[in-house]
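run_5.txt follows (compact mmCIF, C-alpha atoms):
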```txt
# COMPACT_ATOMS: atom_id res chain seq x y z
CA MET A 15 32.69 41.92 111.20
CA LEU A 16 30.15 44.68 111.84
CA PHE A 17 31.81 47.85 113.14
CA ILE A 18 29.84 49.28 116.06
CA PRO A 19 31.50 52.54 117.14
CA MET A 20 30.79 52.20 120.84
CA VAL A 21 33.22 51.90 123.76
CA GLY A 22 32.29 50.91 127.31
CA VAL A 23 33.60 52.95 130.24
CA VAL A 24 33.58 51.14 133.57
CA PRO A 25 34.65 52.99 136.73
CA CYS A 26 35.21 51.13 140.00
CA SER A 27 33.17 53.77 141.92
CA GLY A 28 34.88 52.60 145.13
CA GLU A 29 33.04 54.07 148.10
CA GLU A 30 35.87 54.14 150.62
CA ILE A 31 38.22 56.58 148.96
CA PRO A 32 37.99 59.93 147.10
CA GLU A 33 39.65 58.32 144.09
CA GLY A 34 36.59 56.08 143.73
CA THR A 35 34.46 59.19 143.40
CA VAL A 36 36.94 60.56 140.84
CA THR A 37 36.48 57.44 138.66
CA ARG A 38 32.75 57.90 138.75
CA ILE A 39 32.71 61.61 137.94
CA ALA A 40 35.32 61.18 135.19
CA ALA A 41 33.22 58.47 133.55
CA ARG A 42 30.11 60.66 133.68
CA ILE A 43 31.99 63.61 132.13
CA VAL A 44 32.93 61.38 129.19
CA LEU A 45 29.42 59.95 128.81
CA GLU A 46 27.63 63.29 129.13
CA GLU A 47 30.05 65.83 127.64
CA LEU A 48 33.15 64.55 125.86
CA ARG A 49 32.05 61.47 123.88
CA PRO A 50 28.28 61.10 124.44
CA THR A 51 27.51 59.23 121.23
CA GLN A 52 30.53 56.91 121.31
CA THR A 53 30.46 55.65 124.90
CA MET A 54 28.23 53.71 127.25
CA THR A 55 28.63 52.49 130.79
CA ILE A 56 27.37 49.54 132.75
CA CYS A 57 26.60 49.24 136.45
CA LEU A 58 29.58 47.24 137.72
CA PRO A 59 27.55 45.68 140.58
CA LEU A 60 24.93 44.50 138.09
CA TYR A 61 27.63 43.02 135.87
CA LEU A 62 29.07 41.24 138.89
CA ALA A 63 25.64 39.97 139.86
CA GLY A 64 25.38 38.28 136.46
CA GLY A 65 23.40 40.82 134.42
CA LYS A 66 23.15 39.21 130.97
CA GLU A 67 23.06 42.42 128.94
CA GLU A 68 26.05 43.81 130.88
CA ARG A 69 28.07 40.60 130.42
CA ASP A 70 27.26 40.45 126.70
CA PHE A 71 28.18 44.11 126.24
CA VAL A 72 31.64 43.86 127.83
CA ARG A 73 32.45 40.74 125.80
CA ARG A 74 31.34 42.32 122.54
CA GLN A 75 32.57 45.92 122.83
CA PRO A 76 35.98 47.31 123.89
CA ILE A 77 36.03 48.43 127.52
CA ILE A 78 38.03 51.16 129.26
CA ILE A 79 38.48 50.41 132.94
CA VAL A 80 38.94 53.24 135.44
CA ASP A 81 40.29 52.01 138.76
CA GLY A 82 40.61 54.22 141.82
CA CYS A 83 43.48 52.38 143.49
CA GLU A 84 46.14 49.76 142.90
CA LYS A 85 43.84 46.94 144.00
CA GLY A 86 42.36 47.13 140.49
CA CYS A 87 38.94 45.74 141.43
CA ALA A 88 37.15 46.89 138.29
CA GLU A 89 39.82 45.43 136.03
CA LYS A 90 39.85 42.12 137.92
CA SER A 91 36.07 41.96 137.82
CA ILE A 92 35.81 42.61 134.09
CA ARG A 93 38.64 40.21 133.20
CA LYS A 94 37.16 37.48 135.40
CA HIS A 95 34.20 37.16 133.03
CA ASN A 96 36.25 37.48 129.83
CA GLY A 97 35.54 41.14 129.21
CA ASN A 98 37.15 42.82 126.24
CA VAL A 99 39.54 45.13 128.13
CA ALA A 100 41.00 47.70 125.72
CA ALA A 101 42.57 50.13 128.22
CA VAL A 102 43.06 50.55 131.96
CA ILE A 103 43.40 53.95 133.62
CA ARG A 104 44.54 54.02 137.25
CA ILE A 105 43.88 57.18 139.23
CA PRO A 106 47.10 57.05 141.34
CA GLU A 107 49.15 57.16 138.13
CA VAL A 108 47.24 60.19 136.82
CA MET A 109 47.56 61.89 140.21
CA LYS A 110 51.30 61.45 140.14
CA GLU A 111 51.60 62.82 136.63
CA CYS A 112 49.46 65.92 137.09
CA GLU A 113 50.14 66.51 140.80
CA LEU A 114 46.47 66.76 141.69
CA GLN A 115 44.76 65.07 144.60
CA ALA A 116 41.14 64.46 145.58
CA LYS A 117 40.50 64.84 149.29
CA ASN A 118 36.77 64.43 149.78
CA ARG A 119 34.96 61.26 148.78
CA VAL A 120 31.48 62.75 149.21
CA LYS A 121 31.88 65.81 146.99
CA LEU A 122 35.00 66.62 145.04
CA ASP A 123 36.64 69.94 145.75
CA ASP A 124 38.13 72.11 142.97
CA LYS A 125 41.33 70.05 142.72
CA GLY A 126 39.35 66.82 142.78
CA GLU A 127 37.12 68.12 139.97
CA GLU A 128 40.20 69.13 138.00
CA LEU A 129 41.63 65.65 138.51
CA ALA A 130 38.35 64.08 137.33
CA ARG A 131 38.43 66.23 134.21
CA ARG A 132 42.03 65.22 133.46
CA VAL A 133 41.04 61.57 133.85
CA ALA A 134 38.02 62.16 131.60
CA GLU A 135 40.23 63.68 128.92
CA ARG A 136 42.49 60.66 129.11
CA ILE A 137 39.50 58.35 128.72
CA ALA A 138 38.32 60.36 125.69
CA THR A 139 41.76 60.04 124.10
CA GLU A 140 41.61 56.29 124.61
CA VAL A 141 38.10 56.20 123.10
CA ASP A 142 39.40 57.92 119.95
CA ARG A 143 42.38 55.57 119.71
CA ILE A 144 40.24 52.45 120.16
CA LEU A 145 37.60 53.54 117.64
CA GLU A 146 40.27 54.42 115.10
CA GLU A 147 41.80 50.97 115.56
CA MET A 148 38.40 49.28 115.20
CA LYS A 149 37.68 51.24 112.06
CA ARG A 150 41.04 50.33 110.54
CA LYS A 151 40.58 46.62 111.31
CA SER A 152 37.07 46.70 109.90
CA MET A 153 38.32 48.26 106.65
CA GLU A 154 41.11 45.70 106.38
CA GLU A 155 38.59 42.87 106.71
CA GLU A 156 36.35 44.24 103.94
CA MET B 92 37.28 48.56 167.77
CA ALA B 93 33.63 48.71 168.83
CA ARG B 94 31.27 46.95 166.49
CA ARG B 95 30.04 49.11 163.67
CA VAL B 96 27.40 48.66 161.03
CA VAL B 97 28.75 48.39 157.48
CA ILE B 98 26.74 50.45 155.00
CA LEU B 99 26.96 49.08 151.45
CA PRO B 100 25.35 51.12 148.64
CA CYS B 101 25.27 49.79 145.09
CA SER B 102 26.66 53.06 143.62
CA GLY B 103 25.42 52.00 140.16
CA VAL B 104 26.82 54.56 137.72
CA GLY B 105 24.22 54.11 134.99
CA LYS B 106 21.14 55.29 136.89
CA VAL B 107 20.34 58.16 139.24
CA TYR B 108 19.19 55.66 141.88
CA GLY B 109 22.76 54.43 142.24
CA THR B 110 23.87 57.97 143.05
CA ILE B 111 21.06 58.31 145.59
CA ALA B 112 22.13 55.05 147.27
CA ARG B 113 25.74 56.26 147.40
CA GLU B 114 24.89 59.71 148.78
CA ALA B 115 22.54 58.22 151.38
CA ALA B 116 25.37 55.99 152.56
CA TYR B 117 27.75 58.96 152.88
CA MET B 118 25.12 61.02 154.76
CA THR B 119 24.74 58.19 157.24
CA ILE B 120 28.47 57.49 157.63
CA GLU B 121 29.75 61.07 157.75
CA GLN B 122 26.86 63.05 159.25
CA LEU B 123 24.14 61.04 160.94
CA ARG B 124 25.95 58.07 162.56
CA PRO B 125 29.69 58.74 162.11
CA ASP B 126 30.85 56.72 165.13
CA LYS B 127 28.65 53.74 164.46
CA THR B 128 29.05 53.07 160.74
CA LEU B 129 31.61 52.57 158.00
CA THR B 130 31.66 51.42 154.40
CA VAL B 131 33.74 49.10 152.24
CA CYS B 132 34.20 49.45 148.47
CA LEU B 133 31.60 47.13 146.96
CA PRO B 134 33.88 45.72 144.20
CA ARG B 135 36.40 44.68 146.89
CA LEU B 136 33.83 42.20 148.16
CA VAL B 137 33.61 40.38 144.86
CA VAL B 138 37.26 40.12 143.82
CA GLU B 139 38.75 36.94 145.18
CA ASP B 140 41.93 38.14 146.82
CA ASP B 141 40.69 40.72 149.31
CA ASP B 142 40.36 38.94 152.64
CA ASP B 143 40.41 42.19 154.64
CA ALA B 144 37.21 43.46 153.01
CA ARG B 145 35.49 40.11 153.41
CA ARG B 146 36.44 39.93 157.07
CA ILE B 147 34.89 43.35 157.75
CA VAL B 148 31.50 42.35 156.33
CA ARG B 149 31.60 38.93 158.01
CA GLU B 150 32.43 40.29 161.44
CA ASN B 151 30.06 43.28 161.44
CA PRO B 152 26.36 43.64 160.67
CA CYS B 153 25.67 45.06 157.19
CA ILE B 154 22.93 47.22 155.73
CA VAL B 155 22.72 47.20 151.94
CA ILE B 156 21.22 50.08 149.96
CA ASN B 157 20.10 48.89 146.55
CA GLY B 158 19.39 51.52 143.92
CA CYS B 159 16.97 49.38 141.94
CA PRO B 160 15.19 46.03 142.23
CA SER B 161 18.20 44.18 140.76
CA LYS B 162 19.59 44.13 144.34
CA CYS B 163 23.24 44.15 143.27
CA ALA B 164 24.62 45.46 146.57
CA GLU B 165 22.92 42.56 148.31
CA PHE B 166 24.49 40.12 145.85
CA ALA B 167 27.99 41.50 146.48
CA ALA B 168 27.56 41.35 150.27
CA GLU B 169 26.22 37.80 150.10
CA THR B 170 29.06 36.72 147.82
CA ALA B 171 31.52 37.87 150.47
CA GLY B 172 29.63 36.02 153.20
CA GLY B 173 28.47 39.29 154.76
CA LYS B 174 25.97 39.39 157.61
CA ILE B 175 23.10 41.31 156.03
CA VAL B 176 20.74 42.54 158.74
CA GLY B 177 19.01 45.34 156.85
CA GLU B 178 18.13 46.18 153.26
CA LEU B 179 16.72 49.31 151.68
CA ASN B 180 15.74 49.90 148.11
CA VAL B 181 15.77 53.45 146.72
CA THR B 182 12.93 52.74 144.29
CA SER B 183 10.77 51.48 147.17
CA VAL B 184 11.40 54.69 149.11
CA LEU B 185 10.53 56.63 145.95
CA ARG B 186 7.17 54.81 145.81
CA GLU B 187 6.45 56.16 149.29
CA ASN B 188 7.47 59.67 148.16
CA ARG B 189 6.15 59.99 144.62
CA ASP B 190 6.56 63.76 144.61
CA LEU B 191 10.35 63.29 144.84
CA LYS B 192 10.95 61.72 141.46
CA PRO B 193 14.47 62.90 140.52
CA SER B 194 15.68 63.82 137.07
CA GLN B 195 17.05 60.65 135.45
CA MET B 196 19.94 62.73 134.09
CA ALA B 197 21.11 64.03 137.49
CA ILE B 198 23.57 61.18 137.99
CA ARG B 199 26.74 63.21 138.41
CA GLU B 200 25.12 65.62 140.85
CA LEU B 201 21.69 65.05 142.34
CA ASP B 202 18.91 67.58 141.81
CA PRO B 203 16.98 68.86 144.88
CA LYS B 204 14.42 66.02 144.71
CA GLY B 205 17.12 63.39 144.43
CA ARG B 206 18.98 64.94 147.32
CA ARG B 207 15.85 64.96 149.50
CA LEU B 208 15.21 61.33 148.59
CA ALA B 209 18.78 60.49 149.63
CA GLU B 210 18.17 62.23 152.97
CA ILE B 211 15.06 60.15 153.57
CA VAL B 212 16.95 56.95 152.74
CA ALA B 213 19.77 58.03 155.08
CA GLU B 214 17.32 58.69 157.91
CA LYS B 215 15.83 55.21 157.44
CA VAL B 216 19.30 53.64 157.38
CA SER B 217 20.23 55.51 160.57
CA ARG B 218 17.16 54.19 162.37
CA GLU B 219 18.14 50.69 161.26
CA VAL B 220 21.65 51.27 162.65
CA ASP B 221 20.19 52.24 166.03
CA ARG B 222 17.90 49.22 166.01
CA ILE B 223 20.70 46.82 165.16
CA LEU B 224 23.21 48.16 167.66
CA GLY B 225 20.49 48.61 170.29
CA SER B 226 19.40 44.99 170.01
CA GLU B 227 23.04 43.96 170.46
CA GLY B 228 23.35 46.13 173.55
CA GLY B 229 25.88 48.31 171.70
```

Could you render the structure as structure tokens?
Amino acid sequence: MLFIPMVGVVPCSGEEIPEGTVTRIAARIVLEELRPTQTMTICLPLYLAGGKEERDFVRRQPIIIVDGCEKGCAEKSIRKHNGNVAAVIRIPEVMKECELQAKNRVKLDDKGEELARRVAERIATEVDRILEEMKRKSMEEE
Amino acid sequence: MARRVVILPCSGVGKVYGTIAREAAYMTIEQLRPDKTLTVCLPRLVVEDDDDARRIVRENPCIVINGCPSKCAEFAAETAGGKIVGELNVTSVLRENRDLKPSQMAIRELDPKGRRLAEIVAEKVSREVDRILGSEGG
């Protein structure tokens, strides 16, 4: 199987809560700074609306879900259409571990930004793990 | 609770227009019409087990803010049976304000042109809110 070193990062971007903003900013940090050549994102609303390219991408490539709350809307949405879910990161769990909280959904304050960066680092670690696993499987198949 | 208008931006994370839709929604909800509007997480409308979110968009008038012509926010609201009474498209507002073309890379944080465009969208949404609630006698 052809090894394409690309991982999808899909944040819920929930509008009601600051954690939704954290998912969004964390995803952008990964895409723009931490792993720019190894990651892509899709617009979740477009995927839900039946975007063909988005649906094909999440079936073909491993996806890291970033959900802002325990409802897990992004994960449910991706799994509903047989997406290739490789990891799920939930903001409340990261908040508990690093004792950081986001308070403003419009613009993150310093602690919210720090939380987003911690989440981004966790995503990047997952990206490395997933790509390493893909590479190993690809070599085994050859 | 008095009737409120539900503002639903697409928040698309892949394009700057999604950020503009999201920021315009927040400007409306938190600054321009704080007592008359609210929002609901868009993905909540599409997952099947969230009756609370669906009830909010069925029982209140909704304005959708689509970032691009794909109209994804509208799709999500319709899927949930929402009462859509207004729709704005960021790219249409950009066509009316061609000097405000934002940097396509300013997704995480809008540049000044993107921010101004969001303000214009928010002002349009606020006028729609007044029209909707006014016509209901609210």

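Among the candidates A:Val36, A:Leu58, A:Leu122, A:Ile105, the residue lying nearest to chain B is A:Leu58 (atoms considered: all atoms listed in the file).
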
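Between chain A and the residues B:Arg199, B:Lys192, B:Lys204, B:Arg94, the shortest atom-to-atom distance, using only C-alpha atoms, involves B:Arg199.
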
Near Ala134 in chain A, within 7 Å and counting only C-alpha atoms, which residues show up once chain neighbours fewer than 3 positions away are dropped, as a PyMOL selection string? chain A and resi 40-41+43-44+130-131+137-138

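The environment of Val141 in chain A within 9 Å, counting only C-alpha atoms and disregarding residues fewer than 3 places along the same chain, consists of Met20, Val21, Gly22, Arg49, Gln52, Thr53, Ile78, Arg136, Ile137, Ala138, Ile144, Leu145 and Glu146 of chain A.
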
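The residue that comes closest to Ile154 in chain B, out of B:Ser102, B:Gln122, B:Ser217, B:Thr182 and on the basis of all atoms listed in the file, is B:Ser217.
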
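Between CA of Glu46 in chain A and CA of Glu128 in chain A the separation is 16.5 Å.
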
So which residues touch Cys132 in chain B within 10 Å, counting only C-alpha atoms, skipping near sequence neighbours fewer than 4 positions away, as a PyMOL selection string? (chain A and resi 26-31+34+87) or (chain B and resi 98-102+136-137+144)

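Using all atoms listed in the file for every distance, the candidate list A:Ile18, A:Cys57, A:Ile79, A:Met153 yields A:Cys57 as the residue closest to chain B.
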
What does the structure give for the distance between CA of Cys159 in chain B and CA of Ile92 in chain A, in Å to one decimal? 21.5 Å

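Note that the spacing between CA of Pro59 in chain A and CA of Gly103 in chain B amounts to 6.7 Å.
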
Using all atoms listed in the file, which residue out of A:Gly126, A:Gly97, A:Pro106, A:Pro19 lies closest to Leu62 in chain A? A:Gly97

Identify all chain B residues at most 10 Å from chain A by counting only C-alpha atoms; ligands do not count. Present them as a PyMOL selection string. chain B and resi 99-106+109-110+113-114+116-118+121+129-141+161-167+170+196+198-200

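Omitting range 98-103 of chain A and its sequence neighbours fewer than 2 positions away, and counting all atoms listed in the file, the residues within 6 Å are Val72, Arg73, Pro76, Ile77, Ile78, Ile79 and Val80 of chain A.
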
Serialized selection, C-alpha atoms, as a compact mmCIF listing (two decimals), in the frame of the given file:
```txt
# COMPACT_ATOMS: atom_id res chain seq x y z
CA VAL A 72 31.64 43.86 127.83
CA ARG A 73 32.45 40.74 125.80
CA PRO A 76 35.98 47.31 123.89
CA ILE A 77 36.03 48.43 127.52
CA ILE A 78 38.03 51.16 129.26
CA ILE A 79 38.48 50.41 132.94
CA VAL A 80 38.94 53.24 135.44
```

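Among the candidates B:Tyr108, B:Leu123, B:Ile147, B:Gly172, the residue lying nearest to Pro160 in chain B is B:Tyr108 (atoms considered: all atoms listed in the file).
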
Which residues, written as an mmCIF file with C-alpha atoms, keeping the file's coordinate frame, have at least one atom at most 9 Å from Val212 in chain B, with only C-alpha atoms counted and residues fewer than 5 positions away on the same chain left out?
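Output file around.cif follows:
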```cif
data_model
loop_
_atom_site.group_PDB
_atom_site.id
_atom_site.type_symbol
_atom_site.label_atom_id
_atom_site.label_comp_id
_atom_site.auth_asym_id
_atom_site.auth_seq_id
_atom_site.Cartn_x
_atom_site.Cartn_y
_atom_site.Cartn_z
ATOM 1 C CA ILE B 111 21.060 58.310 145.590
ATOM 2 C CA ALA B 112 22.130 55.050 147.270
ATOM 3 C CA ALA B 115 22.540 58.220 151.380
ATOM 4 C CA ALA B 116 25.370 55.990 152.560
ATOM 5 C CA ILE B 156 21.220 50.080 149.960
ATOM 6 C CA LEU B 179 16.720 49.310 151.680
ATOM 7 C CA ASN B 180 15.740 49.900 148.110
ATOM 8 C CA VAL B 181 15.770 53.450 146.720
ATOM 9 C CA VAL B 184 11.400 54.690 149.110
ATOM 10 C CA ARG B 207 15.850 64.960 149.500
ATOM 11 C CA SER B 217 20.230 55.510 160.570
#
```
